[in-house]
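Participant: Enclosed is the structure file final-v2.cif (mmCIF, C-alpha atoms).
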data_my_file
loop_
_atom_site.label_atom_id
_atom_site.label_comp_id
_atom_site.auth_asym_id
_atom_site.auth_seq_id
_atom_site.Cartn_x
_atom_site.Cartn_y
_atom_site.Cartn_z
CA MET Q 4 -0.36 14.06 -13.52
CA ALA Q 5 0.06 10.42 -12.48
CA VAL Q 6 -0.89 7.01 -13.86
CA VAL Q 7 -1.31 3.99 -11.57
CA THR Q 8 -1.63 0.53 -13.11
CA GLY Q 9 -3.41 -2.01 -10.96
CA GLY Q 10 -5.04 1.00 -9.32
CA SER Q 11 -8.49 -0.46 -8.76
CA ALA Q 12 -7.66 -2.52 -5.66
CA GLY Q 13 -5.05 -3.40 -3.07
CA LEU Q 14 -1.80 -1.44 -2.94
CA GLY Q 15 -2.66 0.26 -6.24
CA ARG Q 16 -5.93 1.58 -4.80
CA ALA Q 17 -4.16 2.84 -1.67
CA THR Q 18 -1.58 4.52 -3.92
CA VAL Q 19 -4.29 6.26 -5.97
CA ARG Q 20 -5.78 7.64 -2.75
CA GLU Q 21 -2.41 8.76 -1.39
CA LEU Q 22 -1.37 10.52 -4.59
CA ALA Q 23 -4.74 12.28 -4.90
CA ALA Q 24 -4.48 13.45 -1.29
CA LYS Q 25 -1.09 14.96 -2.14
CA GLY Q 26 -2.49 16.92 -5.08
CA TRP Q 27 -1.93 14.64 -8.05
CA ASP Q 28 -4.42 14.15 -10.86
CA VAL Q 29 -4.58 10.37 -11.34
CA ALA Q 30 -5.48 8.08 -14.21
CA VAL Q 31 -6.36 4.61 -12.96
CA ILE Q 32 -5.62 1.57 -15.11
CA ALA Q 33 -6.91 -1.93 -14.30
CA ARG Q 34 -9.25 -4.48 -15.87
CA GLY Q 35 -12.35 -4.25 -13.67
CA GLN Q 36 -14.57 -1.37 -14.74
CA GLU Q 37 -16.34 -1.00 -11.39
CA GLY Q 38 -13.02 -0.85 -9.57
CA VAL Q 39 -11.40 1.75 -11.80
CA ASP Q 40 -14.58 3.85 -11.78
CA ALA Q 41 -14.67 3.81 -7.97
CA ALA Q 42 -10.97 4.65 -7.71
CA ALA Q 43 -11.27 7.56 -10.14
CA ALA Q 44 -14.31 8.81 -8.23
CA GLU Q 45 -12.18 8.93 -5.08
CA VAL Q 46 -9.64 11.07 -6.93
CA VAL Q 47 -12.39 13.49 -7.90
CA ALA Q 48 -13.72 13.50 -4.33
CA ALA Q 49 -10.23 14.55 -3.20
CA GLY Q 50 -10.46 17.59 -5.47
CA GLN Q 51 -8.30 16.30 -8.32
CA ARG Q 52 -8.99 15.12 -11.85
CA GLY Q 53 -9.47 11.39 -12.22
CA LEU Q 54 -9.75 9.11 -15.24
CA ALA Q 55 -10.80 5.45 -15.23
CA LEU Q 56 -9.52 3.07 -17.92
CA SER Q 57 -10.34 -0.62 -18.16
CA VAL Q 58 -7.19 -2.13 -19.69
CA ASP Q 59 -5.36 -5.44 -19.56
CA VAL Q 60 -1.72 -4.36 -19.25
CA ALA Q 61 -0.55 -7.59 -20.87
CA ASP Q 62 -1.93 -6.09 -24.11
CA ARG Q 63 0.80 -3.69 -25.26
CA GLU Q 64 -1.33 -1.92 -27.85
CA ALA Q 65 -4.13 -1.40 -25.33
CA VAL Q 66 -1.67 0.21 -22.92
CA GLU Q 67 -0.44 2.55 -25.67
CA ARG Q 68 -4.01 3.56 -26.52
CA ALA Q 69 -4.68 4.23 -22.85
CA ALA Q 70 -1.59 6.44 -22.59
CA ASP Q 71 -2.71 8.41 -25.65
CA ARG Q 72 -6.13 8.96 -24.12
CA ILE Q 73 -4.66 9.98 -20.75
CA GLU Q 74 -2.46 12.65 -22.32
CA ALA Q 75 -5.30 13.87 -24.51
CA GLU Q 76 -7.66 14.28 -21.54
CA LEU Q 77 -5.38 15.07 -18.58
CA GLY Q 78 -2.17 16.35 -20.16
CA PRO Q 79 1.44 15.12 -20.10
CA ILE Q 80 2.17 12.15 -17.87
CA ASP Q 81 4.65 13.16 -15.15
CA LEU Q 82 4.51 9.99 -13.04
CA TRP Q 83 3.78 6.40 -14.04
CA VAL Q 84 3.44 3.81 -11.27
CA ASN Q 85 3.60 0.18 -12.42
CA GLY Q 86 1.81 -1.78 -9.72
CA VAL Q 87 -0.30 -4.42 -11.46
CA MET Q 88 -0.01 -8.13 -10.69
CA VAL Q 89 -1.86 -11.45 -10.80
CA GLY Q 90 -0.69 -14.68 -9.25
CA VAL Q 91 -0.97 -18.41 -8.82
CA PHE Q 92 -0.34 -20.25 -5.55
CA GLY Q 93 0.95 -23.80 -5.81
CA ARG Q 94 4.01 -25.90 -6.45
CA PHE Q 95 5.68 -25.21 -9.81
CA LEU Q 96 5.14 -28.68 -11.29
CA ASP Q 97 1.51 -28.65 -10.19
CA THR Q 98 0.82 -25.30 -11.89
CA ALA Q 99 -0.66 -25.39 -15.39
CA PRO Q 100 1.81 -23.89 -17.89
CA GLU Q 101 -0.85 -21.53 -19.26
CA ASP Q 102 -1.55 -20.21 -15.74
CA PHE Q 103 2.14 -19.68 -15.10
CA GLU Q 104 2.59 -17.84 -18.39
CA ARG Q 105 -0.46 -15.67 -17.79
CA ALA Q 106 0.93 -14.59 -14.42
CA LEU Q 107 4.24 -13.67 -16.06
CA ASN Q 108 2.53 -11.83 -18.91
CA VAL Q 109 0.64 -9.57 -16.53
CA THR Q 110 3.08 -9.17 -13.66
CA TYR Q 111 6.27 -8.85 -15.72
CA LEU Q 112 5.26 -7.84 -19.25
CA GLY Q 113 2.62 -5.52 -17.78
CA PHE Q 114 5.52 -3.58 -16.24
CA VAL Q 115 7.44 -3.68 -19.52
CA ASN Q 116 4.43 -2.38 -21.44
CA GLY Q 117 3.75 0.34 -18.90
CA THR Q 118 7.38 1.42 -18.82
CA ARG Q 119 7.51 1.55 -22.62
CA ALA Q 120 4.36 3.67 -22.79
CA ALA Q 121 5.68 6.05 -20.15
CA LEU Q 122 9.22 6.43 -21.49
CA THR Q 123 8.07 6.82 -25.10
CA ARG Q 124 6.36 10.01 -23.96
CA MET Q 125 8.73 11.16 -21.20
CA VAL Q 126 12.12 10.77 -22.90
CA PRO Q 127 11.42 13.23 -25.76
CA ARG Q 128 10.30 15.77 -23.13
CA ASP Q 129 13.35 14.95 -20.97
CA ARG Q 130 11.27 14.81 -17.81
CA GLY Q 131 9.10 12.36 -15.94
CA HIS Q 132 9.33 9.58 -13.39
CA VAL Q 133 8.51 5.86 -13.52
CA ILE Q 134 8.07 3.92 -10.27
CA GLN Q 135 8.26 0.14 -10.36
CA VAL Q 136 6.47 -1.51 -7.44
CA GLY Q 137 8.82 -4.33 -6.54
CA SER Q 138 8.95 -6.83 -3.73
CA ALA Q 139 11.29 -8.49 -1.28
CA LEU Q 140 10.40 -11.59 -3.32
CA GLY Q 141 12.23 -10.04 -6.25
CA PHE Q 142 15.41 -10.92 -4.36
CA ARG Q 143 14.40 -14.05 -2.43
CA GLY Q 144 12.20 -16.71 -4.01
CA ILE Q 145 9.86 -18.69 -1.80
CA PRO Q 146 7.87 -21.90 -2.31
CA LEU Q 147 4.37 -21.84 -3.88
CA GLN Q 148 4.97 -18.53 -5.71
CA ALA Q 149 7.43 -19.36 -8.50
CA ALA Q 150 5.56 -17.26 -11.09
CA TYR Q 151 5.31 -14.18 -8.90
CA CYS Q 152 8.90 -14.43 -7.63
CA GLY Q 153 10.19 -15.01 -11.15
CA ALA Q 154 8.32 -11.97 -12.44
CA LYS Q 155 9.56 -9.75 -9.63
CA HIS Q 156 13.16 -10.90 -10.17
CA ALA Q 157 12.75 -10.12 -13.88
CA ILE Q 158 11.50 -6.62 -13.06
CA VAL Q 159 14.68 -5.93 -11.10
CA GLY Q 160 16.96 -6.84 -14.03
CA PHE Q 161 14.75 -5.07 -16.56
CA THR Q 162 14.68 -1.88 -14.52
CA GLU Q 163 18.44 -1.86 -13.98
CA SER Q 164 18.95 -2.18 -17.75
CA VAL Q 165 16.59 0.69 -18.50
CA VAL Q 166 18.16 2.92 -15.85
CA SER Q 167 21.65 2.34 -17.24
CA GLU Q 168 20.44 3.22 -20.74
CA LEU Q 169 18.85 6.47 -19.53
CA ILE Q 170 22.05 7.41 -17.71
CA GLU Q 171 24.12 6.72 -20.83
CA GLN Q 172 21.79 8.96 -22.85
CA GLY Q 173 22.02 11.76 -20.31
CA SER Q 174 18.26 11.67 -19.81
CA LYS Q 175 16.64 13.50 -16.89
CA VAL Q 176 13.80 10.95 -16.75
CA GLN Q 177 13.96 9.05 -13.48
CA VAL Q 178 13.12 5.40 -12.79
CA SER Q 179 12.68 4.19 -9.22
CA ARG Q 180 11.99 0.82 -7.67
CA VAL Q 181 10.07 0.55 -4.39
CA ASP Q 182 10.29 -2.96 -2.93
CA MET Q 183 7.39 -4.06 -0.73
CA PRO Q 184 6.91 -6.41 2.21
CA ALA Q 185 3.85 -8.63 2.67
CA LEU Q 186 0.73 -6.47 2.48
CA ASN Q 187 -2.88 -7.00 3.50
CA THR Q 188 -4.41 -6.67 0.04
CA ILE Q 189 -7.18 -8.31 -1.93
CA GLN Q 190 -4.49 -10.27 -3.82
CA PHE Q 191 -4.83 -13.15 -1.36
CA ASN Q 192 -8.59 -13.35 -1.87
CA TRP Q 193 -8.60 -13.73 -5.65
CA VAL Q 194 -5.24 -15.33 -6.46
CA LYS Q 195 -5.64 -18.66 -8.26
CA SER Q 196 -4.73 -21.16 -5.56
CA GLN Q 197 -4.12 -24.89 -5.28
CA LEU Q 198 -3.56 -24.69 -1.51
CA PRO Q 199 -5.81 -26.62 0.87
CA HIS Q 200 -6.39 -23.47 2.94
CA HIS Q 201 -6.82 -19.74 2.31
CA PRO Q 202 -3.59 -18.08 1.07
CA GLN Q 203 -1.97 -15.57 3.38
CA PRO Q 204 1.00 -13.17 3.19
CA VAL Q 205 4.22 -14.14 4.95
CA ALA Q 206 4.25 -12.39 8.32
CA PRO Q 207 4.82 -9.67 9.31
CA ILE Q 208 1.92 -8.19 7.34
CA TYR Q 209 1.55 -4.47 6.71
CA GLN Q 210 -1.46 -2.46 5.61
CA PRO Q 211 -1.35 -1.31 1.97
CA GLU Q 212 -1.24 2.32 3.07
CA VAL Q 213 2.29 1.69 4.38
CA GLY Q 214 3.43 0.88 0.86
CA ALA Q 215 1.37 3.67 -0.68
CA ARG Q 216 2.99 6.29 1.53
CA ALA Q 217 6.43 5.04 0.49
CA ILE Q 218 5.45 5.28 -3.19
CA ALA Q 219 4.15 8.83 -2.71
CA ALA Q 220 7.32 9.81 -0.83
CA THR Q 221 9.41 8.42 -3.70
CA ALA Q 222 7.29 10.36 -6.20
CA GLU Q 223 8.01 13.57 -4.31
CA ARG Q 224 11.72 12.83 -3.67
CA PRO Q 225 12.90 10.34 -6.30
CA ARG Q 226 15.37 7.66 -5.21
CA ARG Q 227 16.55 4.82 -7.39
CA ARG Q 228 15.84 2.10 -4.80
CA THR Q 229 13.66 2.07 -1.70
CA TRP Q 230 12.98 -0.84 0.65
CA VAL Q 231 9.71 -0.78 2.59
CA GLY Q 232 9.34 -2.48 5.97
CA GLU Q 233 11.81 -4.16 8.28
CA SER Q 234 10.99 -7.56 6.81
CA THR Q 235 12.02 -6.42 3.32
CA VAL Q 236 15.35 -5.22 4.68
CA TYR Q 237 16.20 -8.43 6.52
CA THR Q 238 14.90 -10.64 3.69
CA ILE Q 239 17.13 -9.00 1.09
CA LEU Q 240 20.19 -8.67 3.32
CA GLY Q 241 19.74 -12.14 4.81
CA ASN Q 242 19.62 -13.71 1.36
CA ARG Q 243 22.82 -11.88 0.40
CA ILE Q 244 24.58 -13.14 3.52
CA SER Q 245 23.46 -16.77 3.35
CA GLY Q 246 21.36 -17.98 0.45
CA ARG Q 247 21.69 -21.58 1.65
CA PHE Q 248 20.15 -20.76 5.02
CA ALA Q 249 17.39 -18.80 3.26
CA ASP Q 250 16.66 -21.85 1.09
CA TRP Q 251 16.40 -24.06 4.19
CA TYR Q 252 14.27 -21.57 6.12
CA ALA Q 253 11.86 -21.05 3.21
CA ALA Q 254 11.50 -24.82 2.72
CA LYS Q 255 10.85 -25.47 6.40
CA THR Q 256 8.44 -22.62 7.19
CA LEU Q 257 6.86 -21.02 4.15
CA VAL Q 258 4.55 -23.73 2.85
CA SER Q 259 2.43 -23.81 6.01
CA GLY Q 260 3.22 -20.11 6.58
CA GLN Q 261 1.39 -19.05 3.40
CA GLN Q 262 -2.01 -20.53 4.23
CA ILE Q 263 -4.47 -20.19 7.07
CA ALA Q 264 -7.45 -22.43 7.83
CA SER Q 265 -9.36 -19.78 9.82
CA LYS Q 266 -9.91 -17.73 6.63
CA ASP Q 267 -11.26 -20.65 4.59
CA GLY Q 268 -14.44 -19.77 2.70
CA GLN Q 269 -13.53 -16.09 2.25
CA SER Q 270 -11.93 -16.39 -1.18
CA LEU Q 271 -13.28 -14.66 -4.27
CA PRO Q 272 -13.22 -16.11 -7.79
CA SER Q 273 -9.78 -16.03 -9.37
CA ASN Q 274 -8.85 -12.88 -11.29
CA LEU Q 275 -6.07 -14.54 -13.28
CA TYR Q 276 -7.84 -14.30 -16.64
CA GLU Q 277 -10.88 -12.12 -15.96
CA PRO Q 278 -11.51 -9.31 -13.47
CA VAL Q 279 -13.70 -10.03 -10.47
CA GLU Q 280 -16.87 -7.98 -10.55
CA GLY Q 281 -17.36 -5.22 -8.00
CA ASP Q 282 -15.29 -2.65 -6.15
CA HIS Q 283 -12.95 -4.39 -3.69
CA GLY Q 284 -11.05 -1.48 -2.16
CA ALA Q 285 -7.54 -1.60 -0.76
CA HIS Q 286 -7.65 -4.07 2.14
CA GLY Q 287 -7.75 -7.84 2.26
CA VAL Q 288 -8.98 -10.04 5.10
CA PHE Q 289 -6.01 -9.63 7.44
CA ASP Q 290 -6.88 -6.35 9.15
CA ASP Q 291 -6.76 -8.13 12.50
CA ASN Q 292 -2.98 -8.64 12.36
CA ALA Q 293 -1.68 -6.10 9.84
CA HIS Q 294 0.62 -3.28 10.92
CA ALA Q 295 -0.27 0.28 9.92
CA TRP Q 296 3.20 1.66 10.67
CA SER Q 297 6.83 0.68 11.12
CA PRO Q 298 9.97 2.60 12.12
CA GLN Q 299 11.62 1.75 8.80
CA THR Q 300 8.74 3.08 6.73
CA TRP Q 301 8.61 6.23 8.86
CA TRP Q 302 12.23 6.72 7.84
CA VAL Q 303 11.35 6.29 4.17
CA GLU Q 304 8.71 8.99 4.47
CA ASN Q 305 10.79 11.34 6.65
CA ARG Q 306 14.32 10.72 5.45
CA ARG Q 307 15.58 14.26 5.94
CA LEU Q 308 14.22 14.51 9.46
CA GLY Q 309 15.58 11.06 10.28
CA ASN Q 310 19.03 11.95 8.98
CA GLY Q 311 18.89 15.16 11.02
CA ILE Q 312 18.06 13.18 14.16
CA ILE Q 313 20.99 10.83 13.53
CA GLY Q 314 23.30 13.79 12.92
CA ALA Q 315 22.18 15.47 16.14
CA ALA Q 316 22.55 12.24 18.10
CA LEU Q 317 26.06 11.67 16.76
CA GLY Q 318 26.93 15.26 17.58
CA ILE Q 319 25.75 14.82 21.17
CA VAL Q 320 27.67 11.56 21.54
CA GLY Q 321 30.78 13.23 20.15
CA ALA Q 322 30.45 16.21 22.48
CA VAL Q 323 30.00 13.92 25.50
CA ALA Q 324 33.06 11.89 24.47
CA VAL Q 325 35.18 15.03 24.10
CA ALA Q 326 34.02 16.38 27.46
CA ALA Q 327 34.76 13.04 29.12
CA GLY Q 328 38.24 13.00 27.59
CA ARG Q 329 38.98 16.49 28.89
CA ARG Q 330 37.94 15.52 32.42
CA ARG Q 331 40.48 12.72 32.37
#
Please re-express this file's structure in structure tokens.
Facilitator:
Amino acid sequence: MAVVTGGSAGLGRATVRELAAKGWDVAVIARGQEGVDAAAAEVVAAGQRGLALSVDVADREAVERAADRIEAELGPIDLWVNGVMVGVFGRFLDTAPEDFERALNVTYLGFVNGTRAALTRMVPRDRGHVIQVGSALGFRGIPLQAAYCGAKHAIVGFTESVVSELIEQGSKVQVSRVDMPALNTIQFNWVKSQLPHHPQPVAPIYQPEVGARAIAATAERPRRRTWVGESTVYTILGNRISGRFADWYAAKTLVSGQQIASKDGQSLPSNLYEPVEGDHGAHGVFDDNAHAWSPQTWWVENRRLGNGIIGAALGIVGAVAVAAGRRR
């Protein structure tokens, strides 16, 4: 059975649906009771067992109690997906220290707490899989999101440390990281924002189901690292090639590029400290320009078929080259 933190809305909600559709029982962890209840109900509607738990993942003891209850009611945890996050939009020096720290406590320490709860139970059994939902912004920081970028960078280093320890111990427990592009989620409706206009993801924007399918594919065929979306690939590789250019480009384009006047008035109350009442589903307000598919994500989901196509294509090219050489 699977656990999804942040599973009440956005990418987490899409992931709950995708895992249930693929036959997983799913326990949903998030703060908002209406959201986790609705997500668990969708698991049941898909013919699987669902469990809703209202938990703040920044509270380590609460996460441990939730894990105990999950195993008591649904059995051993085979998959734990850390996907929870909260955020603040604004320049670093304009962001209240307590807001910044709260974002780190949820987005980074929430992953630490979830990973601890999962591994404490998986390692003695010598089986299980933890998936960390990462981001292209865990490799390339951008203006107005210092807390989120810092947390995602921290998750990368933390995960690498844990993986190396498991390898040294000879453990069969797997830990994967799936790094996301900009997604059309409710995050941009309830993030605490100091911007003059409605926050928006950095284009190109993908639907949350794109990320959810990549997470489910990783659950079925574990890989240590997976990049989702063409923009994630060129963001990470571009930053490796020229960090100075990436600094300049981010400074010149990504302040105006992260806000949109036409969506003003559509924001919800901030969920930084308290959950927003209601069931908010998976999608945000950018359905009109969000992509439901990309060639790169198709490859993530169909890696064996894709590799077979490449092999066949290379074989054909080789055969044509040999035949051409013989004719000469």
Participant: With distances taken over all atoms listed in the file, which of Q:His294, Q:Arg105, Q:Arg243, Q:Arg20 is nearest to Q:Ala154?
Facilitator: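 Checking each of Q:His294, Q:Arg105, Q:Arg243, Q:Arg20 against Q:Ala154, counting all atoms listed in the file, the winner is Q:Arg105.
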Participant: Work out how far atom CA of Q:Gln299 is from atom CA of Q:Glu212, in Å to one decimal.
Facilitator: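 Atom-to-atom, atom CA of Q:Glu212 and atom CA of Q:Gln299 are spaced 14.1 Å apart.
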Participant: So how far away is atom CA of Q:Asp59 from atom CA of Q:Pro278, in Å?
Facilitator: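 Those two atoms sit 9.5 Å apart.
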Participant: Evaluating the PyMOL selection byres ((chain Q and resi 174) around 10) on the displayed file yields which residues, as number ranges by chain?
Facilitator: Q: 125-131, 166, 168-173, 175-177
Participant: Counting all atoms listed in the file, figure out which residue out of Q:Pro211, Q:Gly141, Q:Gly53, Q:Gly246 gets nearest to Q:Ala5.
Facilitator: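 Checking each of Q:Pro211, Q:Gly141, Q:Gly53, Q:Gly246 against Q:Ala5, counting all atoms listed in the file, the winner is Q:Gly53.
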Participant: Excluding stretch 82-84 of chain Q and residues on its chain fewer than 3 positions from it, collect all residues at most 7 Å away from it, counting only C-alpha atoms, and give them as a PyMOL selection string.
Facilitator: chain Q and resi 4-8+121+131-135
Participant: Looking at Q:Val231, Q:Ala295, Q:Ala206, Q:Ile244, which one is nearest to Q:Gly260, with distances taken over all atoms listed in the file?
Facilitator: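 Checking each candidate against Q:Gly260, we get Q:Ala206 as the closest.
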Participant: Select from stretch 191-308 of chain Q every residue with an atom at most 12 Å from any atom of stretch 90-93 of chain Q, then for each give the shortest pair of atoms and their distance in Å to one decimal, using all atoms listed in the file, rows by chain and rising number, as JSON lines.
Facilitator:
{"residue": "Q:Phe191", "atom": "CA", "partner": "Q:Gly90", "partner_atom": "CA", "distance": 9.0}
{"residue": "Q:Asn192", "atom": "CA", "partner": "Q:Gly90", "partner_atom": "CA", "distance": 10.9}
{"residue": "Q:Trp193", "atom": "CA", "partner": "Q:Gly90", "partner_atom": "CA", "distance": 8.7}
{"residue": "Q:Val194", "atom": "CA", "partner": "Q:Gly90", "partner_atom": "CA", "distance": 5.4}
{"residue": "Q:Lys195", "atom": "CA", "partner": "Q:Val91", "partner_atom": "CA", "distance": 4.7}
{"residue": "Q:Ser196", "atom": "CA", "partner": "Q:Phe92", "partner_atom": "CA", "distance": 4.5}
{"residue": "Q:Gln197", "atom": "CA", "partner": "Q:Gly93", "partner_atom": "CA", "distance": 5.2}
{"residue": "Q:Leu198", "atom": "CA", "partner": "Q:Gly93", "partner_atom": "CA", "distance": 6.3}
{"residue": "Q:Pro199", "atom": "CA", "partner": "Q:Gly93", "partner_atom": "CA", "distance": 9.9}
{"residue": "Q:His200", "atom": "CA", "partner": "Q:Phe92", "partner_atom": "CA", "distance": 10.9}
{"residue": "Q:His201", "atom": "CA", "partner": "Q:Phe92", "partner_atom": "CA", "distance": 10.2}
{"residue": "Q:Pro202", "atom": "CA", "partner": "Q:Phe92", "partner_atom": "CA", "distance": 7.7}
{"residue": "Q:Gln203", "atom": "CA", "partner": "Q:Phe92", "partner_atom": "CA", "distance": 10.2}
{"residue": "Q:Pro204", "atom": "CA", "partner": "Q:Phe92", "partner_atom": "CA", "distance": 11.3}
{"residue": "Q:Leu257", "atom": "CA", "partner": "Q:Gly93", "partner_atom": "CA", "distance": 11.9}
{"residue": "Q:Val258", "atom": "CA", "partner": "Q:Gly93", "partner_atom": "CA", "distance": 9.4}
{"residue": "Q:Ser259", "atom": "CA", "partner": "Q:Gly93", "partner_atom": "CA", "distance": 11.9}
{"residue": "Q:Gln261", "atom": "CA", "partner": "Q:Phe92", "partner_atom": "CA", "distance": 9.2}
{"residue": "Q:Gln262", "atom": "CA", "partner": "Q:Phe92", "partner_atom": "CA", "distance": 9.9}
{"residue": "Q:Ser273", "atom": "CA", "partner": "Q:Val91", "partner_atom": "CA", "distance": 9.1}
{"residue": "Q:Asn274", "atom": "CA", "partner": "Q:Gly90", "partner_atom": "CA", "distance": 8.6}
{"residue": "Q:Leu275", "atom": "CA", "partner": "Q:Gly90", "partner_atom": "CA", "distance": 6.7}
{"residue": "Q:Tyr276", "atom": "CA", "partner": "Q:Gly90", "partner_atom": "CA", "distance": 10.3}
Participant: Any chance you could work out the residue set of the PyMOL selection byres ((chain Q and resi 224-226) around 9) here, as a PyMOL selection string?
Facilitator: chain Q and resi 132+134+177-181+219-223+227-229
Participant: Kindly resolve the PyMOL selection byres ((chain Q and resi 234) around 9) on the present coordinates and return the residues as a list in words.
Facilitator: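 With the shown file as input, the PyMOL selection byres ((chain Q and resi 234) around 9) matches Ala139, Pro184, Ala185, Ala206, Pro207, Val231, Gly232, Glu233, Thr235, Val236, Tyr237, Thr238 and Ile239 of chain Q.
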Participant: Could you state the separation of atom CA of Q:Ile208 and atom CA of Q:Thr188 in Å, given to one decimal place?
Facilitator: 9.8 Å
